[in-house]
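For reference, target17.txt (compact mmCIF, C-alpha atoms):
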# COMPACT_ATOMS: atom_id res chain seq x y z
CA MET A 749 -259.04 63.62 218.78
CA ASN A 750 -262.51 62.28 219.48
CA PRO A 751 -264.15 61.56 216.06
CA ARG A 752 -267.44 63.05 217.31
CA LEU A 753 -265.62 66.29 218.04
CA LEU A 754 -264.19 66.28 214.52
CA LEU A 755 -267.74 66.03 213.16
CA LEU A 756 -268.94 68.80 215.41
CA ILE A 757 -266.30 71.34 214.36
CA PRO A 758 -267.55 71.71 210.72
CA LEU A 759 -271.13 71.90 212.02
CA ILE A 760 -270.20 74.68 214.43
CA LEU A 761 -268.31 76.52 211.66
CA LEU A 762 -271.31 76.19 209.30
CA HIS A 763 -273.67 77.45 211.97
CA GLY A 764 -271.35 80.36 212.68
CA THR A 765 -271.20 81.28 208.97
CA ALA A 766 -275.00 81.14 208.66
CA PHE A 767 -275.36 83.30 211.78
CA ALA A 768 -272.89 85.87 210.41
CA ALA A 769 -274.75 85.95 207.07
CA THR A 770 -278.09 86.44 208.81
CA ALA A 771 -276.67 89.24 210.97
CA GLU A 772 -275.16 90.94 207.90
CA ALA A 773 -278.45 90.71 205.97
CA GLU A 774 -280.41 92.08 208.93
CA LYS A 775 -277.97 94.95 209.34
CA ARG A 776 -278.23 95.77 205.64
CA LEU A 777 -282.04 95.72 205.79
CA LYS A 778 -282.14 97.98 208.85
CA ASN A 779 -279.82 100.45 207.08
CA ALA A 780 -282.07 100.34 204.01
CA VAL A 781 -285.22 100.93 206.08
CA ASN A 782 -283.56 103.83 207.94
CA GLU A 783 -282.48 105.42 204.66
CA VAL A 784 -285.98 105.04 203.20
CA LEU A 785 -287.57 106.58 206.31
CA ALA A 786 -285.06 109.46 206.32
CA VAL A 787 -285.98 110.25 202.71
CA ALA A 788 -289.71 109.93 203.41
CA ASP A 789 -289.47 112.20 206.47
CA ILE A 790 -288.06 115.17 204.54
CA ALA A 791 -290.14 114.81 201.37
CA THR A 792 -292.56 117.66 200.77
CA SER A 793 -294.59 116.11 197.97
CA ASN A 794 -295.24 112.68 196.44
CA SER A 795 -293.39 113.51 193.22
CA ALA A 796 -290.35 114.71 195.21
CA LEU A 797 -290.55 111.53 197.28
CA ILE A 798 -290.43 109.32 194.17
CA GLU A 799 -287.34 111.11 192.87
CA SER A 800 -285.48 110.99 196.18
CA MET A 801 -286.55 107.38 196.83
CA ARG A 802 -285.18 106.07 193.52
CA PRO A 803 -281.42 106.03 194.39
CA VAL A 804 -282.11 104.54 197.83
CA LEU A 805 -284.25 101.70 196.47
CA GLN A 806 -281.85 101.06 193.58
CA LYS A 807 -279.07 100.68 196.14
CA HIS A 808 -280.92 98.15 198.29
CA LEU A 809 -283.30 96.26 195.98
CA SER A 810 -282.23 93.73 193.38
CA PHE A 811 -284.40 94.98 190.53
CA ASP A 812 -282.67 92.66 188.04
CA ALA A 813 -283.64 89.56 190.01
CA MET A 814 -287.11 90.91 190.81
CA THR A 815 -287.89 91.64 187.14
CA ARG A 816 -286.54 88.29 185.93
CA ARG A 817 -288.57 86.41 188.52
CA ALA A 818 -291.69 88.51 188.03
CA VAL A 819 -291.65 87.73 184.31
CA GLY A 820 -291.05 84.04 185.02
CA PRO A 821 -290.37 81.37 182.38
CA GLY A 822 -290.99 83.77 179.48
CA TRP A 823 -287.87 85.73 180.49
CA ARG A 824 -285.62 83.39 178.50
CA GLN A 825 -287.46 84.38 175.32
CA PHE A 826 -286.72 88.08 175.83
CA THR A 827 -283.80 89.49 173.86
CA GLU A 828 -281.07 91.25 175.87
CA ASP A 829 -282.50 94.65 174.90
CA GLN A 830 -286.02 93.57 175.88
CA GLN A 831 -284.70 92.34 179.25
CA LYS A 832 -283.03 95.71 179.85
CA GLN A 833 -286.18 97.58 178.86
CA ALA A 834 -288.35 95.38 181.08
CA THR A 835 -286.00 95.90 184.04
CA GLN A 836 -286.04 99.69 183.57
CA LEU A 837 -289.82 99.82 183.31
CA PHE A 838 -290.38 97.44 186.24
CA THR A 839 -287.93 99.44 188.38
CA THR A 840 -289.86 102.63 187.69
CA LEU A 841 -293.17 100.90 188.35
CA ILE A 842 -292.04 99.48 191.70
CA ILE A 843 -290.43 102.72 192.87
CA ARG A 844 -293.55 104.67 191.98
CA THR A 845 -295.92 102.13 193.54
CA TYR A 846 -293.82 101.86 196.70
CA SER A 847 -293.45 105.63 197.08
CA SER A 848 -297.17 106.18 196.61
CA LYS A 849 -297.85 104.12 199.77
CA PHE A 850 -296.27 106.83 201.91
CA THR A 851 -298.35 109.66 203.25
CA ILE A 852 -296.33 112.83 203.71
CA GLY A 853 -295.94 113.54 207.42
CA GLU A 854 -296.70 109.99 208.59
CA HIS A 855 -293.88 107.95 210.12
CA PRO A 856 -294.14 104.15 210.25
CA VAL A 857 -292.89 102.12 213.21
CA ILE A 858 -291.13 98.90 212.21
CA GLU A 859 -290.39 95.98 214.52
CA PHE A 860 -287.82 93.47 213.26
CA LYS A 861 -288.28 89.82 214.21
CA ALA A 862 -285.86 86.87 214.20
CA ALA A 863 -284.54 86.25 210.69
CA LEU A 864 -284.73 82.87 208.95
CA THR A 865 -282.24 81.26 206.57
CA PRO A 866 -284.32 79.15 204.14
CA ALA A 867 -281.32 78.35 201.93
CA PRO A 868 -277.63 79.27 201.72
CA GLY A 869 -277.28 82.84 200.46
CA ARG A 870 -280.88 83.67 201.32
CA VAL A 871 -282.33 85.29 204.41
CA GLU A 872 -285.93 86.21 205.27
CA VAL A 873 -286.55 88.97 207.77
CA PRO A 874 -290.11 89.13 209.13
CA THR A 875 -291.22 92.53 210.41
CA THR A 876 -294.33 94.15 211.78
CA LEU A 877 -295.16 97.52 210.34
CA LEU A 878 -297.35 99.96 212.21
CA TYR A 879 -298.51 102.66 209.84
CA ARG A 880 -301.37 105.10 210.14
CA GLY A 881 -302.86 103.07 212.96
CA SER A 882 -302.80 99.65 211.30
CA HIS A 883 -300.48 96.67 211.68
CA TYR A 884 -299.07 94.87 208.65
CA ASN A 885 -296.90 91.75 208.52
CA VAL A 886 -294.10 92.40 206.06
CA THR A 887 -291.35 89.89 205.26
CA TYR A 888 -288.27 90.96 203.34
CA ARG A 889 -286.58 88.25 201.24
CA MET A 890 -282.91 88.99 200.83
CA GLU A 891 -280.23 87.41 198.69
CA GLU A 892 -276.48 87.58 198.71
CA ALA A 893 -275.19 88.82 195.36
CA GLY A 894 -271.94 90.58 196.15
CA GLY A 895 -273.82 92.16 199.06
CA TRP A 896 -277.23 91.59 200.57
CA LEU A 897 -280.12 92.93 198.50
CA VAL A 898 -283.89 92.73 198.90
CA SER A 899 -285.27 90.39 196.20
CA ASP A 900 -288.94 90.21 197.22
CA VAL A 901 -291.33 91.75 199.72
CA VAL A 902 -294.18 89.69 201.16
CA ILE A 903 -297.03 91.75 202.63
CA GLU A 904 -299.66 89.88 204.64
CA GLY A 905 -298.56 86.65 202.97
CA VAL A 906 -298.73 88.07 199.45
CA SER A 907 -295.48 88.17 197.50
CA LEU A 908 -294.76 91.16 195.27
CA VAL A 909 -292.88 88.96 192.77
CA ALA A 910 -295.63 86.30 192.70
CA THR A 911 -298.32 88.93 192.21
CA TYR A 912 -296.57 90.43 189.19
CA ARG A 913 -295.62 86.97 187.87
CA THR A 914 -299.29 86.06 187.56
CA GLN A 915 -299.99 89.25 185.61
CA PHE A 916 -296.91 89.10 183.37
CA ASP A 917 -297.43 85.42 182.63
CA ALA A 918 -300.94 86.17 181.36
CA GLN A 919 -299.57 88.96 179.17
CA PHE A 920 -296.75 86.75 177.90
CA LYS A 921 -299.19 84.03 176.88
CA LYS A 922 -301.21 86.63 174.97
CA GLY A 923 -298.38 88.16 172.98
CA GLY A 924 -294.88 87.22 174.17
CA PRO A 925 -292.27 89.77 175.27
CA ASP A 926 -293.94 92.62 173.36
CA ALA A 927 -297.18 92.16 175.29
CA VAL A 928 -295.32 92.22 178.63
CA LEU A 929 -293.36 95.32 177.63
CA GLY A 930 -296.55 96.97 176.37
CA ALA A 931 -298.35 96.30 179.66
CA LEU A 932 -295.39 97.63 181.63
CA SER A 933 -295.14 100.75 179.44
CA ARG A 934 -298.85 101.47 179.85
CA SER A 935 -298.61 101.06 183.64
CA VAL A 936 -295.64 103.40 183.85
CA ALA A 937 -297.27 105.97 181.51
CA ARG A 938 -300.48 106.00 183.56
CA PRO A 939 -300.82 109.16 185.69
CA GLU A 940 -299.80 108.65 189.34
CA MET B 199 -304.00 71.56 185.83
CA THR B 200 -303.03 68.95 188.38
CA VAL B 201 -299.36 68.03 188.11
CA GLY B 202 -298.87 66.14 191.36
CA ARG B 203 -299.97 65.53 194.92
CA VAL B 204 -299.08 66.56 198.44
CA GLU B 205 -297.64 63.40 199.99
CA SER B 206 -297.18 64.60 203.53
CA VAL B 207 -297.09 67.68 205.72
CA ARG B 208 -294.93 67.97 208.80
CA LEU B 209 -293.93 70.67 211.22
CA ASP B 210 -290.37 71.96 211.45
CA PRO B 211 -289.81 72.12 215.21
CA ALA B 212 -287.07 74.74 214.78
CA ASP B 213 -289.24 77.54 213.43
CA PHE B 214 -292.75 75.95 213.47
CA SER B 215 -293.10 76.23 209.71
CA ALA B 216 -295.03 73.58 207.81
CA ILE B 217 -293.03 71.48 205.36
CA ALA B 218 -295.04 69.83 202.59
CA THR B 219 -293.60 67.00 200.54
CA LEU B 220 -294.86 67.05 196.96
CA ARG B 221 -294.74 64.30 194.38
CA ILE B 222 -294.93 65.86 190.94
CA GLN B 223 -294.72 64.52 187.39
CA SER B 224 -291.13 63.61 186.59
CA ALA B 225 -291.39 65.24 183.16
CA LEU B 226 -292.09 68.60 184.80
CA LYS B 227 -288.88 70.62 185.05
CA LEU B 228 -289.31 73.46 187.50
CA PRO B 229 -286.73 76.28 187.54
CA THR B 230 -284.98 76.80 190.89
CA ASP B 231 -286.74 80.14 191.46
CA SER B 232 -290.20 78.59 191.16
CA MET B 233 -292.69 79.58 193.82
CA ALA B 234 -295.23 77.54 195.74
CA ALA B 235 -298.35 79.11 197.22
CA ILE B 236 -301.31 77.77 199.18
CA LYS B 237 -304.42 78.77 197.26
CA THR B 238 -308.13 78.14 197.67
CA THR B 239 -310.54 77.01 194.99
CA GLY B 240 -313.06 79.84 195.16
CA LEU B 241 -313.79 81.68 198.38
CA ILE B 242 -314.56 78.69 200.57
CA GLY B 243 -313.20 75.79 198.56
CA ASP B 244 -310.43 73.28 199.22
CA LYS B 245 -306.87 74.39 199.51
CA TYR B 246 -304.18 73.35 197.04
CA VAL B 247 -300.53 74.09 196.32
CA SER B 248 -300.06 76.32 193.31
CA LEU B 249 -296.68 76.04 191.57
CA SER B 250 -295.46 79.02 189.61
CA PRO B 251 -292.38 78.39 187.43
CA GLY B 252 -289.56 80.92 187.58
CA ALA B 253 -286.97 82.15 185.11
CA ASP B 254 -283.78 80.36 186.22
CA GLU B 255 -281.95 78.08 183.79
CA ALA B 256 -281.27 75.46 186.49
CA CYS B 257 -284.10 73.18 187.55
CA LEU B 258 -285.14 71.85 190.94
CA GLN B 259 -283.88 68.35 191.62
CA PRO B 260 -285.81 65.66 193.52
CA GLY B 261 -285.56 66.30 197.25
CA THR B 262 -284.67 70.00 196.99
CA ARG B 263 -286.79 72.62 198.68
CA ILE B 264 -288.90 75.39 197.18
CA THR B 265 -288.15 78.15 199.64
CA MET B 266 -289.98 80.99 197.91
CA THR B 267 -293.47 80.36 199.17
CA GLU B 268 -296.70 82.15 199.95
CA SER B 269 -298.83 81.09 202.89
CA SER B 270 -302.56 80.85 202.61
CA VAL B 271 -303.98 84.36 202.73
CA ASP B 272 -306.24 84.69 205.73
CA LEU B 273 -309.22 86.46 204.17
CA GLU B 274 -311.12 86.63 207.46
CA SER B 275 -308.18 88.35 209.10
CA LEU B 276 -307.82 90.84 206.24
CA ILE B 277 -311.53 91.62 206.24
CA GLY B 278 -311.39 91.92 210.02
CA LYS B 279 -308.54 94.41 209.78
CA MET B 280 -310.52 96.54 207.34
CA ALA B 281 -313.74 96.32 209.33
CA PHE B 282 -312.42 96.51 212.89
CA GLY B 283 -309.07 98.25 212.42
CA SER B 284 -310.18 101.04 214.77
CA VAL B 285 -309.59 98.79 217.80
CA GLU B 286 -305.88 98.56 216.91
CA LYS B 287 -305.77 102.24 216.03
CA GLU B 288 -306.77 103.44 219.47
CA THR B 289 -304.24 101.17 221.21
CA ASP B 290 -301.42 101.84 218.80
CA LYS B 291 -301.66 105.62 218.75
CA LYS B 292 -300.50 105.66 222.33
CA THR B 293 -297.38 103.61 221.60
CA ALA B 294 -296.33 105.21 218.32
CA PRO B 295 -293.63 107.87 218.69
Could you write out this structure as structure tokens?
Amino acid sequence: MNPRLLLLIPLILLHGTAFAATAEAEKRLKNAVNEVLAVADIATSNSALIESMRPVLQKHLSFDAMTRRAVGPGWRQFTEDQQKQATQLFTTLIIRTYSSKFTIGEHPVIEFKAALTPAPGRVEVPTTLLYRGSHYNVTYRMEEAGGWLVSDVVIEGVSLVATYRTQFDAQFKKGGPDAVLGALSRSVARPE
Amino acid sequence: MTVGRVESVRLDPADFSAIATLRIQSALKLPTDSMAAIKTTGLIGDKYVSLSPGADEACLQPGTRITMTESSVDLESLIGKMAFGSVEKETDKKTAP
């Protein structure tokens, strides 16, 4: 067999695998978005929306990875219990913040663009969101962890994880894990 | 503080993204989930690459890519959207279901 052809076969196989992964991640994201919109469409109040949104977001978002990355280097100094507590609080905070962005009765229009594969096991799906008359560029970062999960959301170039990392890092430098947990607890306890 | 320099910037012809090559202090061990963002010193100052260390145990090796990045936020565009959003609104209302 032509040696060039032998070199080409693994490349074609690799490309095919990457394409399949991208397609799978895109499919998973579209399912997630459809489920979120279905829940938002039937919600009658913001508090009901938060409760019905929780299982959907917990199914499609990797809150463990998001919390770990949002805390940043200080994460390794958290005990296992503190990590669990931080993940629970951050999950609640994100679900509440995300749900509060919906206006009852308004339905967003989402256009999916060509996905990118920045690294093996990672896919980025850029989208354009049209909501209440305004366009927003939203990129979903997805990771393969026994299934494709959203690990970060980038809105108009601003990453959710990076935004919280800046805040948590400042808290961590002030008072370690307790300061981060305190800030998270206060945010979650604050009235919606 | 300054921990390195941008050595070069090139365009990836496949997806038109910019790829910056950084030379950073060898003693600096950055976790693999570190993030790089283009920031501005003040409102109209120079741009720089801000590195934000992550939580992973493994560290980035020379030559590997930081893929979790943030582009420079286009303040003019954001302000424009807030100030002149009504132009998009009128057009979009007709196309929204």
### Task
For region 201-217 of chain B, please output as JSON, numbers by chain all residues within 10 Å (counting only C-alpha atoms; exclusion window: fewer than 3 positions along the same chain).
{"A": [862, 864], "B": [220, 221, 222, 223, 224, 225, 226, 246, 247, 248, 249, 263, 264, 269]}
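Our summary of the geometry notes that CA of Gly894 (chain A) is positioned 28.0 Å from CA of Leu797 (chain A).
Interatomic distance, CA of Leu877 (chain A) against CA of Ile843 (chain A): 18.8 Å.
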### Message
Can you measure CA of Phe860 (chain A) to CA of Lys778 (chain A) for me? One decimal in Å is fine.
### Response
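Calculated distance between CA of Phe860 (chain A) and CA of Lys778 (chain A) is 8.5 Å.
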Would you give me, as JSON lines, each residue of chain A having an atom within 7 Å of an atom of chain B, along with its shortest atom pair and that distance in Å to one decimal, using only C-alpha atoms and sorting by chain and residue number?
{"residue": "A:Arg816", "atom": "CA", "partner": "B:Ala253", "partner_atom": "CA", "distance": 6.2}
{"residue": "A:Arg817", "atom": "CA", "partner": "B:Gly252", "partner_atom": "CA", "distance": 5.7}
{"residue": "A:Gly820", "atom": "CA", "partner": "B:Gly252", "partner_atom": "CA", "distance": 4.3}
{"residue": "A:Pro821", "atom": "CA", "partner": "B:Ala253", "partner_atom": "CA", "distance": 4.4}
{"residue": "A:Trp823", "atom": "CA", "partner": "B:Ala253", "partner_atom": "CA", "distance": 5.9}
{"residue": "A:Arg824", "atom": "CA", "partner": "B:Ala253", "partner_atom": "CA", "distance": 6.9}
{"residue": "A:Val857", "atom": "CA", "partner": "B:Ala294", "partner_atom": "CA", "distance": 6.9}
{"residue": "A:Pro866", "atom": "CA", "partner": "B:Thr265", "partner_atom": "CA", "distance": 6.0}
{"residue": "A:Gly881", "atom": "CA", "partner": "B:Lys287", "partner_atom": "CA", "distance": 4.3}
{"residue": "A:Ser882", "atom": "CA", "partner": "B:Lys287", "partner_atom": "CA", "distance": 6.2}
{"residue": "A:Gly905", "atom": "CA", "partner": "B:Ser269", "partner_atom": "CA", "distance": 5.6}
{"residue": "A:Val906", "atom": "CA", "partner": "B:Glu268", "partner_atom": "CA", "distance": 6.3}
{"residue": "A:Ser907", "atom": "CA", "partner": "B:Glu268", "partner_atom": "CA", "distance": 6.6}
